[in-house]
Amino acid sequence: MIRSHVLICGGTGCTSGGSQAIGEKLQREIDRLGLTDEIKIVRTGCFGLCANGPVMIVYPEGTFYSHVKVEDVTDIAEEHLLKGRVVERLVYKEAEGLKLEDVPALGETNFYKTQLRVALRNCGVIDPENIEEYIAMDGYQALGKVLTEMTPQEVIDVMKKSGLRGRGGAGFPTGTKWQFAAANTADQKYVVCNADEGDPGAFMDRSVLEGDPHAVLEAMAIAGYAIGASKGYIYVRAEYPIAVHRLEVAIGQAREYGLLGEDIFGTGFNFDIDVRLGAGAFVCGEETALLTSIEGNRGEPRNKPPFPANKGLFAKPTIINNVETLANIPQIILKGADWFASMGTEDSRGTKVFALGGAINNTGLVEIPLGTTLRHIIYDIGGGIPNGRKFKAVQTGGPSGGCIPASLLDTPIDYGNLTRIGAMMGSGGMIVTDDSTCMVDFARFFLDFTVDESCGKCTPCRIGTRRLLELLNKITEGNGTLEDLDKLEELCKYIKANSLCALGQTAPNPVLSTLKYFRDEYEAHVVEKRCPAGVCKNLMRYYIQPDVCRGCTACARKCPVGAISGKVKEPHVIDTTKCIKCGACIETCKFNAIVKK
Amino acid sequence: MDMINMKINGMDIQVPANYTILQAAEQAGIRIPTLCYLKDVNAIGACRLCVVECKGARSNPVACLQQVAEGMEVQTNTPAIRDSRKKTLELILSNHRMDCLGCVRSTNCELQTLSQEYECDPHKYQFGEELKPDIDDSAIHLIRDNSKCILCRRCVAVCKHNQHVSVIGPNQRGFKTHISSAFEVGLAETSCIHCGQCIAVCPTGALQERDDTQKVWEALADPTKHVVVGPAPSVRVQLGEEFGMPIGTNVEGKMIAALKRLGFDRVFDVDNAADVTIMEEGTEFIDRVKNGGKLPLITSCSPGWIKFCETYYPDFIENLSSCRSPQGMFGALVKTYYAEKAGIDPKDIVVVSIMPCTAKKFEASRDELTTNGMRTIDVSLTTRELAKMIRKAGIKFTELPDEVCDPFLGMASGAGHIFGATGGVMEAALRTVYEILEGKPLESLDIHAVRGTDAIKEATVHVAGMDVNVAVTSGLENASKLLDMVRSGEKNYHFIEVMACPGGCVNGGGQPHQPGYVRNFTDLRADRAAGLYGEDAAMSLRKSHENPEVQQLYKEFLEKPGSHKAHELLHTHYVKRDLYKK
């Protein structure tokens, strides 16, 4: 009789923190203590609180341990599992010094209490490598329902009515997309799952695949039924080995249980899924490039129209849905379109998963109803900005998205609002910056990424983004002019309007949004040759404050290039033409007389 | 054909429903600029030059790919569109080595023309990195200078799709994208078949043939050398394009006059050798049919096709005619028959051929085509190279009188002329074969079933009590399809003509460049071929075996077609080639 379950996060974050070894050691300790038949370890997907990993939770009491190390395992086994005494030092506490008896249940913490988990509902709850656990959570019931009780058109109608929009970036209504593909007649149609999540700092899809792979398989089969496809592909990046492994395990189990393959549920419906690995090109997340890659060619986008719903994979009607989009679908079928549409806003129904990163306390994964404000996500769920620094901006939508300043923090997040303020929903990456970030440098960082990832097919993206980056480099190096700012802006608009695919069409967004909201920083760089955040190295000057300097000569002796001069006991000066900004003088000065300006 | 109504720049027009905006605009008298798009070759929407505004569209569609629709309203010429195009060109120029003054394509460069039209500032975006790629001059027939490449990918498309060779493609990505071969090996290391279609479609100077004109200038200036020249059939209906004359104009007389003024000691005609080819190949065909030889017999005039067969379809090597190409026969006859008649030591003779083709440069270098240990063709020039020489020599081409070739190897029949178009060799052969076997001429010498630009043309000719099935194809994509059908037994032929270049020699890799805006709205292949068929039709001498010079050649030198001597001089063998260098 199992009296206790220990759920250990097996997501990528906690795994890289050693959760695999922790789990193995815990099992050995349980065996050693003779508890083998009483305590069961379950390796789950992501809990979301990645900043506190590796994490585990012990049921039935619901004790949540964070920052667990291998050396803590014996204590957990001997104290908690054997003797029933909670290991207080490992208990997750949102506030310092909270007494053990005041620690709220996990679901009541600030991080979790306003989240609403639909796509992530099984992540951190079930063992993703055990199909029976998924089935126990109503898994494959939705597939059963559509195959036995609904016509394909009824399925599409439910999807349309739910208001679900694509979670991969563009936000196209899922039901409409299915309708287009269903309307085409062809000897073969395809359902493709886009799991080529490539935005830096984004890991929503990975977490779903690692934590609840069957939800994606079930949804693909439902989609196949709705549009009349018998074949599905999951295009997942090879850099997600855990996700790939779990998908393969899940596909094997689903086939074994007759939930994929021929004559599913005895209804005569056939559907099977293959996994295709992406080789790491960001552009392959663009749907037509993804299809081209599956077809065995260099992953490059093609012109739309024709849209994939008409002429997609191998020139057959194809729908491409993102992982998170799919993860919502079994729930929508089971609970109904009205239930789903009751969440979110008029424009954007349901919930959205965001990956919080950057200058924020609770780096991790959150799922919230759409319409929640940025402020609530960053300050309440995310726990605010660390090290007492000030919030400066949040970048949503990854490198294709835009930068949102503090003045717009009360904007409710939905597709329309984010686009209106010059950002975008994107796939759900959310990178927070504090006042130590230079916004020109920040835009340059994202552009550096897109320039590197441009496929090189169309002129605006191949050469245009490169020239944009060079202009930004020029500005951060202190050589920019006001004319360059105009050039920057007109080039951005040109690239947006003329690029072949969404990669190019959105690449200028970080530049345009920072120009819009932080133009003063750009102007400081080009007019005053100053980086207000003190980040751009070429624009920093080392300066000895004469009223503080005692003339001890220590800095002059330390300076490797002889840039500091001055008489003993008199204030010294730095020759900025010689200074290489190595910082040795600042470290040497005992009186804090040297500052960077 | 369903028609739709739409507006372009406010004008109401009616166009076929399957038109693109580009075609619709052309019909409305509006030229939308293009760079990457090329009809029948490349339609990928990569350069973004042909963007237009379309009412209600989320972004600017590209005219080359966007199909028209009922009620569509398109603007091709707004300030924003003109500005976009200008920026696209300026960005391309920012990573383009602009040595326009010395560039082989200057004044005939699509990028240059458009940059002028759009009043580009070539230096506007030239503040950043400019790639400095290595020049690939490894191949015998072409030079790739990627510093002038604009990544339109026409060359990639023609190589992959039209020619089924696919030895080039984009490598690296983003700004570093460039066209080269797998693993960055030189083109010479690949199974390139030297057809030069990549050069013919290149809008800039990134691709050009290896220039061999200097060798010719040197030979002409050397008093100890006897320099003999012979132009191929198709050259005479193309050379005029280099001097601004309409496509398909036959300039045979001016071409001969120009060659004489360049100082060649003898001006012969490869069309004469084409007639000899018919004698040999026709005889070979009759022999194979009568004596149970390997069928179908497949023509061997096109060296690009030969290398393709040797590399990609080696199981068809035995089907290839053992006849050397007309160029090969021409060189061999000049250095034996003519040398003997003129009393000149063949070592002192320099044979120059003027070809529509870059693969002829490769063919000229083949060891299988030597005679008595000598190269039979010393220099093989393209039509473009000849034009370059004529310009450099200050010859006012369009004002030249018409002149005729020198005797011995200078007279040709209409059958020899039509070699330059797809189907021409087959038609010429049938005229002679039929007459030899039946003892009477064909009812009509015009065999229309094998003419035209269809991918695969078929005909059945009843001759000598049997139905002879023939097929004609050009372009190696089509040839592959045809050979696959023969291989599978789906099709059964006795005689097949294959030309490597789509449309045959008139669309060869060495022919004058025509810009996209011409090629996209005309059929170059048909227009140029019309010049050849027109010349043939106007002649009274239309059958190879009736060519008196050819008759004289056999009488005085070769004895008869297929003789031992003919085999020694005019026939060859082929080698199986590996796809990859080992």
# chains A, B, ... in the order shown; residues from 1 in each chain; ligands from 1
>>> residues_around(residues="Trp305 (chain B)", least_positions_apart="5", cutoff="9 Å", atoms="only C-alpha atoms", output="ChimeraX atom specification")
/B:193,195,300,310,475-476,479,498-501
>>> write_last_selection(atoms="N, CA and C atoms", output="JSON list (two decimals), in the first residue's frame")
[["chain", "number", "residue", "atom", "x", "y", "z"],
["B", 193, "ILE", "N", 27.78, 19.22, -65.57],
["B", 193, "ILE", "CA", 27.86, 18.75, -66.95],
["B", 193, "ILE", "C", 28.22, 19.87, -67.92],
["B", 195, "CYS", "N", 26.84, 22.59, -68.94],
["B", 195, "CYS", "CA", 25.87, 23.09, -69.92],
["B", 195, "CYS", "C", 25.82, 24.61, -69.96],
["B", 300, "SER", "N", 24.34, 12.15, -80.15],
["B", 300, "SER", "CA", 25.51, 12.45, -79.33],
["B", 300, "SER", "C", 26.08, 13.84, -79.62],
["B", 310, "GLU", "N", 26.80, 9.89, -69.22],
["B", 310, "GLU", "CA", 27.93, 9.14, -68.65],
["B", 310, "GLU", "C", 27.89, 9.11, -67.13],
["B", 475, "GLY", "N", 16.50, 19.63, -72.58],
["B", 475, "GLY", "CA", 16.46, 19.93, -71.15],
["B", 475, "GLY", "C", 16.59, 18.60, -70.43],
["B", 476, "LEU", "N", 17.47, 18.53, -69.45],
["B", 476, "LEU", "CA", 17.79, 17.21, -68.90],
["B", 476, "LEU", "C", 16.74, 16.71, -67.92],
["B", 479, "ALA", "N", 14.77, 14.93, -70.35],
["B", 479, "ALA", "CA", 15.52, 13.76, -70.80],
["B", 479, "ALA", "C", 15.45, 12.66, -69.73],
["B", 498, "VAL", "N", 18.44, 13.86, -77.99],
["B", 498, "VAL", "CA", 18.48, 14.59, -76.71],
["B", 498, "VAL", "C", 19.41, 15.78, -76.84],
["B", 499, "MET", "N", 18.93, 16.94, -76.43],
["B", 499, "MET", "CA", 19.78, 18.12, -76.31],
["B", 499, "MET", "C", 19.77, 18.55, -74.85],
["B", 500, "ALA", "N", 20.92, 18.87, -74.33],
["B", 500, "ALA", "CA", 21.01, 19.19, -72.89],
["B", 500, "ALA", "C", 20.22, 20.44, -72.55],
["B", 501, "CYS", "N", 20.26, 21.44, -73.41],
["B", 501, "CYS", "CA", 19.64, 22.71, -73.03],
["B", 501, "CYS", "C", 18.18, 22.74, -73.46]]
>>> select_by_dssp(residues="region 188-363 of chain B", states="alpha helix (DSSP H)", output="PyMOL selection string")
chain B and resi 197-201+213-221+252-262+270-290+303-312+326-333+339-342+359-363
>>> atom_distance(atom1="CA of Ser480 (chain B)", atom2="CA of Phe308 (chain B)")
9.6 Å
>>> residues_around(residues="Ala337 (chain A)", least_positions_apart="6", cutoff="12 Å", atoms="only C-alpha atoms", output="PyMOL selection string")
chain A and resi 154-164+175+328-331+343+349-350
>>> residues_around(residues="Glu119 (chain B)", least_positions_apart="5", cutoff="10 Å", atoms="only C-alpha atoms", output="PyMOL selection string")
chain B and resi 86+89-90+113-114
>>> closest_residue(among="A:Gly464, A:Cys438, A:Lys40, A:Glu483", to="Cys531 (chain A)", atoms="only C-alpha atoms")
A:Cys438
>>> interface_residues(of="chain B", to="chain A", cutoff="6 Å", atoms="only C-alpha atoms", output="PyMOL selection string")
chain B and resi 46-47+173-175+177
>>> write_last_selection(atoms="C-alpha atoms", output="PDB file, in the first residue's frame")
ATOM      1  CA  ALA B  46      13.146  35.982 -52.910  1.00  0.00           C
ATOM      2  CA  CYS B  47      14.423  39.304 -54.226  1.00  0.00           C
ATOM      3  CA  ARG B 173      22.716  31.243 -44.057  1.00  0.00           C
ATOM      4  CA  GLY B 174      21.717  34.833 -43.426  1.00  0.00           C
ATOM      5  CA  PHE B 175      24.175  37.421 -44.651  1.00  0.00           C
ATOM      6  CA  THR B 177      24.518  32.792 -47.651  1.00  0.00           C
TER       7      THR B 177
END
>>> select_by_dssp(residues="region 313-406 of chain A", states="strand (DSSP E)", output="compact mmCIF listing (two decimals) with N, CA and C atoms, in the first residue's frame")
# COMPACT_ATOMS: atom_id res chain seq x y z
N THR A 318 -2.64 20.96 -45.35
CA THR A 318 -1.94 20.68 -44.10
C THR A 318 -2.32 21.71 -43.06
N ILE A 319 -2.57 21.26 -41.82
CA ILE A 319 -2.67 22.26 -40.77
C ILE A 319 -1.45 22.15 -39.87
N ILE A 320 -0.99 23.29 -39.43
CA ILE A 320 0.16 23.34 -38.54
C ILE A 320 -0.29 24.03 -37.27
N ASN A 321 -0.24 23.33 -36.18
CA ASN A 321 -0.61 23.93 -34.90
C ASN A 321 0.55 23.80 -33.94
N ASN A 322 0.67 24.82 -33.13
CA ASN A 322 1.71 24.85 -32.13
C ASN A 322 1.38 23.91 -30.96
N THR A 351 -6.36 30.74 -21.80
CA THR A 351 -5.18 31.07 -21.01
C THR A 351 -3.98 31.11 -21.93
N LYS A 352 -2.87 31.59 -21.39
CA LYS A 352 -1.62 31.58 -22.16
C LYS A 352 -0.48 31.25 -21.21
N VAL A 353 0.41 30.44 -21.69
CA VAL A 353 1.61 30.11 -20.91
C VAL A 353 2.71 31.11 -21.26
N PHE A 354 3.37 31.62 -20.23
CA PHE A 354 4.51 32.51 -20.48
C PHE A 354 5.75 31.95 -19.79
N ALA A 355 6.87 32.15 -20.42
CA ALA A 355 8.14 31.79 -19.80
C ALA A 355 8.76 33.08 -19.29
N LEU A 356 8.83 33.21 -17.97
CA LEU A 356 9.38 34.43 -17.38
C LEU A 356 10.88 34.29 -17.26
N GLY A 357 11.57 35.32 -17.71
CA GLY A 357 13.02 35.25 -17.62
C GLY A 357 13.61 36.64 -17.47
N GLY A 358 14.92 36.71 -17.33
CA GLY A 358 15.60 37.99 -17.19
C GLY A 358 15.61 38.45 -15.75
N GLY A 364 10.56 31.29 -14.52
CA GLY A 364 9.84 30.02 -14.65
C GLY A 364 8.68 30.13 -15.60
N LEU A 365 7.77 29.17 -15.44
CA LEU A 365 6.69 29.00 -16.38
C LEU A 365 5.37 29.31 -15.69
N VAL A 366 4.57 30.19 -16.30
CA VAL A 366 3.29 30.51 -15.68
C VAL A 366 2.19 30.42 -16.73
N GLU A 367 1.02 30.06 -16.29
CA GLU A 367 -0.13 30.06 -17.20
C GLU A 367 -1.23 30.89 -16.56
N ILE A 368 -1.68 31.89 -17.28
CA ILE A 368 -2.65 32.82 -16.72
C ILE A 368 -3.78 33.04 -17.72
N PRO A 369 -4.95 33.42 -17.22
CA PRO A 369 -6.02 33.75 -18.17
C PRO A 369 -5.60 34.99 -18.96
N PHE A 391 12.32 48.20 -12.28
CA PHE A 391 11.85 47.66 -13.55
C PHE A 391 12.07 48.69 -14.66
N LYS A 392 12.51 48.18 -15.81
CA LYS A 392 12.66 49.13 -16.92
C LYS A 392 11.74 48.78 -18.09
N ALA A 393 11.77 47.54 -18.52
CA ALA A 393 10.94 47.17 -19.67
C ALA A 393 10.79 45.66 -19.68
N VAL A 394 9.77 45.21 -20.42
CA VAL A 394 9.63 43.77 -20.62
C VAL A 394 9.49 43.52 -22.12
N GLN A 395 10.25 42.52 -22.57
CA GLN A 395 10.20 42.15 -23.98
C GLN A 395 9.29 40.94 -24.11
N THR A 396 8.19 41.11 -24.83
CA THR A 396 7.33 39.95 -25.05
C THR A 396 7.50 39.48 -26.49
N GLY A 402 8.28 43.00 -29.03
CA GLY A 402 8.66 44.37 -28.77
C GLY A 402 8.84 44.61 -27.28
N CYS A 403 9.36 45.78 -27.01
CA CYS A 403 9.71 46.15 -25.66
C CYS A 403 8.61 47.02 -25.08
N ILE A 404 8.15 46.68 -23.88
CA ILE A 404 7.06 47.44 -23.27
C ILE A 404 7.59 48.17 -22.04
N PRO A 405 7.39 49.49 -21.98
CA PRO A 405 7.95 50.25 -20.86
C PRO A 405 7.03 50.21 -19.64
>>> residues_around(residues="Ile150 (chain B)", least_positions_apart="4", cutoff="10 Å", atoms="only C-alpha atoms", output="PyMOL selection string")
(chain A and resi 459) or (chain B and resi 35-36+47+89+92-93+95-96+111+146+178-179+202-206)
>>> residues_around(residues="Ala584 (chain A)", least_positions_apart="6", cutoff="10 Å", atoms="only C-alpha atoms", output="NGL selection string")
:A and (555-556 or 558-560)
>>> residues_around(residues="Ile251 (chain A)", least_positions_apart="2", cutoff="9 Å", atoms="only C-alpha atoms", output="PyMOL selection string")
chain A and resi 213-214+217+246-249+253-256+260+272-274
>>> atom_distance(atom1="CA of Ala554 (chain A)", atom2="CA of Cys585 (chain A)")
8.0 Å
>>> atom_distance(atom1="CA of Ala443 (chain A)", atom2="CA of Arg530 (chain A)")
16.8 Å
>>> closest_residue(among="A:Ala183, A:Leu100, A:Ala315, A:Ala309", to="Thr292 (chain A)", atoms="only C-alpha atoms")
A:Ala315
>>> decode(residues="region 135-259 of chain A", atoms="C-alpha atoms", output="PDB file, in the first residue's frame")
ATOM      1  CA  ILE A 135      -5.776   8.252 -19.102  1.00  0.00           C
ATOM      2  CA  ALA A 136      -6.543   8.567 -15.392  1.00  0.00           C
ATOM      3  CA  MET A 137      -6.676  12.325 -15.918  1.00  0.00           C
ATOM      4  CA  ASP A 138      -9.413  11.903 -18.569  1.00  0.00           C
ATOM      5  CA  GLY A 139      -6.833  11.406 -21.273  1.00  0.00           C
ATOM      6  CA  TYR A 140      -8.041  10.255 -24.675  1.00  0.00           C
ATOM      7  CA  GLN A 141     -11.636  10.764 -23.590  1.00  0.00           C
ATOM      8  CA  ALA A 142     -11.887  13.736 -25.892  1.00  0.00           C
ATOM      9  CA  LEU A 143     -10.665  11.651 -28.807  1.00  0.00           C
ATOM     10  CA  GLY A 144     -13.204   9.001 -27.922  1.00  0.00           C
ATOM     11  CA  LYS A 145     -15.902  11.619 -27.794  1.00  0.00           C
ATOM     12  CA  VAL A 146     -15.166  13.131 -31.196  1.00  0.00           C
ATOM     13  CA  LEU A 147     -14.815   9.767 -32.881  1.00  0.00           C
ATOM     14  CA  THR A 148     -17.992   8.305 -31.479  1.00  0.00           C
ATOM     15  CA  GLU A 149     -20.291  11.257 -30.918  1.00  0.00           C
ATOM     16  CA  MET A 150     -19.285  14.086 -33.229  1.00  0.00           C
ATOM     17  CA  THR A 151     -18.989  14.757 -36.931  1.00  0.00           C
ATOM     18  CA  PRO A 152     -15.800  16.428 -38.169  1.00  0.00           C
ATOM     19  CA  GLN A 153     -17.764  19.610 -38.785  1.00  0.00           C
ATOM     20  CA  GLU A 154     -19.073  19.586 -35.227  1.00  0.00           C
ATOM     21  CA  VAL A 155     -15.499  19.357 -33.979  1.00  0.00           C
ATOM     22  CA  ILE A 156     -14.518  22.331 -36.122  1.00  0.00           C
ATOM     23  CA  ASP A 157     -17.555  24.259 -34.909  1.00  0.00           C
ATOM     24  CA  VAL A 158     -16.546  23.697 -31.296  1.00  0.00           C
ATOM     25  CA  MET A 159     -13.054  24.934 -32.075  1.00  0.00           C
ATOM     26  CA  LYS A 160     -14.402  28.024 -33.783  1.00  0.00           C
ATOM     27  CA  LYS A 161     -16.814  28.763 -30.971  1.00  0.00           C
ATOM     28  CA  SER A 162     -14.134  28.363 -28.316  1.00  0.00           C
ATOM     29  CA  GLY A 163     -12.244  31.293 -29.827  1.00  0.00           C
ATOM     30  CA  LEU A 164      -8.923  29.472 -29.487  1.00  0.00           C
ATOM     31  CA  ARG A 165      -6.173  31.295 -31.372  1.00  0.00           C
ATOM     32  CA  GLY A 166      -2.801  29.891 -32.316  1.00  0.00           C
ATOM     33  CA  ARG A 167      -0.307  30.060 -29.474  1.00  0.00           C
ATOM     34  CA  GLY A 168       2.741  29.906 -31.711  1.00  0.00           C
ATOM     35  CA  GLY A 169       2.938  33.565 -32.559  1.00  0.00           C
ATOM     36  CA  ALA A 170       0.535  34.808 -35.184  1.00  0.00           C
ATOM     37  CA  GLY A 171      -2.647  34.083 -33.239  1.00  0.00           C
ATOM     38  CA  PHE A 172      -4.673  32.819 -36.173  1.00  0.00           C
ATOM     39  CA  PRO A 173      -8.047  31.336 -35.113  1.00  0.00           C
ATOM     40  CA  THR A 174      -7.528  27.587 -34.889  1.00  0.00           C
ATOM     41  CA  GLY A 175     -11.043  26.578 -35.901  1.00  0.00           C
ATOM     42  CA  THR A 176     -10.873  28.724 -39.041  1.00  0.00           C
ATOM     43  CA  LYS A 177      -7.581  27.144 -39.999  1.00  0.00           C
ATOM     44  CA  TRP A 178      -9.092  23.695 -39.597  1.00  0.00           C
ATOM     45  CA  GLN A 179     -12.115  24.738 -41.619  1.00  0.00           C
ATOM     46  CA  PHE A 180      -9.907  25.764 -44.558  1.00  0.00           C
ATOM     47  CA  ALA A 181      -8.078  22.454 -44.542  1.00  0.00           C
ATOM     48  CA  ALA A 182     -11.287  20.461 -44.128  1.00  0.00           C
ATOM     49  CA  ALA A 183     -12.826  22.225 -47.121  1.00  0.00           C
ATOM     50  CA  ASN A 184     -10.107  20.933 -49.425  1.00  0.00           C
ATOM     51  CA  THR A 185     -10.409  17.518 -50.943  1.00  0.00           C
ATOM     52  CA  ALA A 186      -7.215  15.562 -51.370  1.00  0.00           C
ATOM     53  CA  ASP A 187      -6.035  11.973 -51.268  1.00  0.00           C
ATOM     54  CA  GLN A 188      -3.823  12.864 -48.338  1.00  0.00           C
ATOM     55  CA  LYS A 189      -3.872  15.631 -45.756  1.00  0.00           C
ATOM     56  CA  TYR A 190      -1.511  16.240 -42.879  1.00  0.00           C
ATOM     57  CA  VAL A 191      -1.576  17.493 -39.323  1.00  0.00           C
ATOM     58  CA  VAL A 192       1.724  18.993 -38.270  1.00  0.00           C
ATOM     59  CA  CYS A 193       2.666  19.959 -34.746  1.00  0.00           C
ATOM     60  CA  ASN A 194       5.114  22.829 -34.623  1.00  0.00           C
ATOM     61  CA  ALA A 195       7.420  22.075 -31.705  1.00  0.00           C
ATOM     62  CA  ASP A 196      10.368  24.005 -33.078  1.00  0.00           C
ATOM     63  CA  GLU A 197      10.352  26.438 -30.209  1.00  0.00           C
ATOM     64  CA  GLY A 198      13.261  28.744 -30.862  1.00  0.00           C
ATOM     65  CA  ASP A 199      12.796  32.075 -29.073  1.00  0.00           C
ATOM     66  CA  PRO A 200      15.646  32.662 -26.659  1.00  0.00           C
ATOM     67  CA  GLY A 201      14.338  32.168 -23.150  1.00  0.00           C
ATOM     68  CA  ALA A 202      11.103  30.475 -24.194  1.00  0.00           C
ATOM     69  CA  PHE A 203      10.288  26.951 -23.027  1.00  0.00           C
ATOM     70  CA  MET A 204       6.507  26.689 -22.930  1.00  0.00           C
ATOM     71  CA  ASP A 205       6.261  24.050 -25.613  1.00  0.00           C
ATOM     72  CA  ARG A 206       9.163  22.078 -24.283  1.00  0.00           C
ATOM     73  CA  SER A 207       7.486  21.928 -20.887  1.00  0.00           C
ATOM     74  CA  VAL A 208       4.222  20.702 -22.353  1.00  0.00           C
ATOM     75  CA  LEU A 209       5.984  18.022 -24.382  1.00  0.00           C
ATOM     76  CA  GLU A 210       8.045  16.946 -21.389  1.00  0.00           C
ATOM     77  CA  GLY A 211       5.164  17.032 -18.950  1.00  0.00           C
ATOM     78  CA  ASP A 212       2.137  15.971 -20.951  1.00  0.00           C
ATOM     79  CA  PRO A 213       3.052  14.545 -24.368  1.00  0.00           C
ATOM     80  CA  HIS A 214      -0.167  12.562 -24.752  1.00  0.00           C
ATOM     81  CA  ALA A 215      -2.250  15.741 -24.715  1.00  0.00           C
ATOM     82  CA  VAL A 216      -0.468  16.781 -27.922  1.00  0.00           C
ATOM     83  CA  LEU A 217      -0.906  13.373 -29.544  1.00  0.00           C
ATOM     84  CA  GLU A 218      -4.578  13.254 -28.625  1.00  0.00           C
ATOM     85  CA  ALA A 219      -5.159  16.745 -30.010  1.00  0.00           C
ATOM     86  CA  MET A 220      -3.402  15.889 -33.256  1.00  0.00           C
ATOM     87  CA  ALA A 221      -5.638  12.862 -33.707  1.00  0.00           C
ATOM     88  CA  ILE A 222      -8.676  15.058 -33.054  1.00  0.00           C
ATOM     89  CA  ALA A 223      -7.407  17.528 -35.639  1.00  0.00           C
ATOM     90  CA  GLY A 224      -6.812  14.685 -38.066  1.00  0.00           C
ATOM     91  CA  TYR A 225     -10.388  13.556 -37.648  1.00  0.00           C
ATOM     92  CA  ALA A 226     -11.702  17.091 -38.085  1.00  0.00           C
ATOM     93  CA  ILE A 227      -9.871  17.826 -41.336  1.00  0.00           C
ATOM     94  CA  GLY A 228      -9.695  14.323 -42.755  1.00  0.00           C
ATOM     95  CA  ALA A 229      -6.007  13.578 -42.277  1.00  0.00           C
ATOM     96  CA  SER A 230      -4.531  10.228 -41.380  1.00  0.00           C
ATOM     97  CA  LYS A 231      -0.952  11.303 -40.922  1.00  0.00           C
ATOM     98  CA  GLY A 232       0.725  13.639 -38.486  1.00  0.00           C
ATOM     99  CA  TYR A 233       4.231  14.932 -37.975  1.00  0.00           C
ATOM    100  CA  ILE A 234       5.716  16.510 -34.907  1.00  0.00           C
ATOM    101  CA  TYR A 235       8.615  18.757 -35.846  1.00  0.00           C
ATOM    102  CA  VAL A 236      10.642  19.156 -32.698  1.00  0.00           C
ATOM    103  CA  ARG A 237      14.082  20.593 -32.242  1.00  0.00           C
ATOM    104  CA  ALA A 238      16.842  18.112 -31.630  1.00  0.00           C
ATOM    105  CA  GLU A 239      18.021  20.297 -28.758  1.00  0.00           C
ATOM    106  CA  TYR A 240      15.062  19.017 -26.726  1.00  0.00           C
ATOM    107  CA  PRO A 241      16.249  15.473 -26.022  1.00  0.00           C
ATOM    108  CA  ILE A 242      13.945  14.869 -23.063  1.00  0.00           C
ATOM    109  CA  ALA A 243      10.920  16.062 -25.010  1.00  0.00           C
ATOM    110  CA  VAL A 244      11.887  13.916 -27.988  1.00  0.00           C
ATOM    111  CA  HIS A 245      12.344  10.878 -25.779  1.00  0.00           C
ATOM    112  CA  ARG A 246       9.001  11.341 -24.048  1.00  0.00           C
ATOM    113  CA  LEU A 247       7.227  11.901 -27.338  1.00  0.00           C
ATOM    114  CA  GLU A 248       8.646   8.702 -28.690  1.00  0.00           C
ATOM    115  CA  VAL A 249       7.657   6.809 -25.553  1.00  0.00           C
ATOM    116  CA  ALA A 250       4.187   8.330 -25.705  1.00  0.00           C
ATOM    117  CA  ILE A 251       3.704   7.525 -29.406  1.00  0.00           C
ATOM    118  CA  GLY A 252       4.787   3.926 -28.737  1.00  0.00           C
ATOM    119  CA  GLN A 253       2.372   3.580 -25.859  1.00  0.00           C
ATOM    120  CA  ALA A 254      -0.491   5.194 -27.741  1.00  0.00           C
ATOM    121  CA  ARG A 255       0.032   2.784 -30.623  1.00  0.00           C
ATOM    122  CA  GLU A 256       0.143  -0.109 -28.181  1.00  0.00           C
ATOM    123  CA  TYR A 257      -3.154   0.989 -26.658  1.00  0.00           C
ATOM    124  CA  GLY A 258      -4.718   1.401 -30.067  1.00  0.00           C
ATOM    125  CA  LEU A 259      -5.051   5.159 -29.615  1.00  0.00           C
TER     126      LEU A 259
END
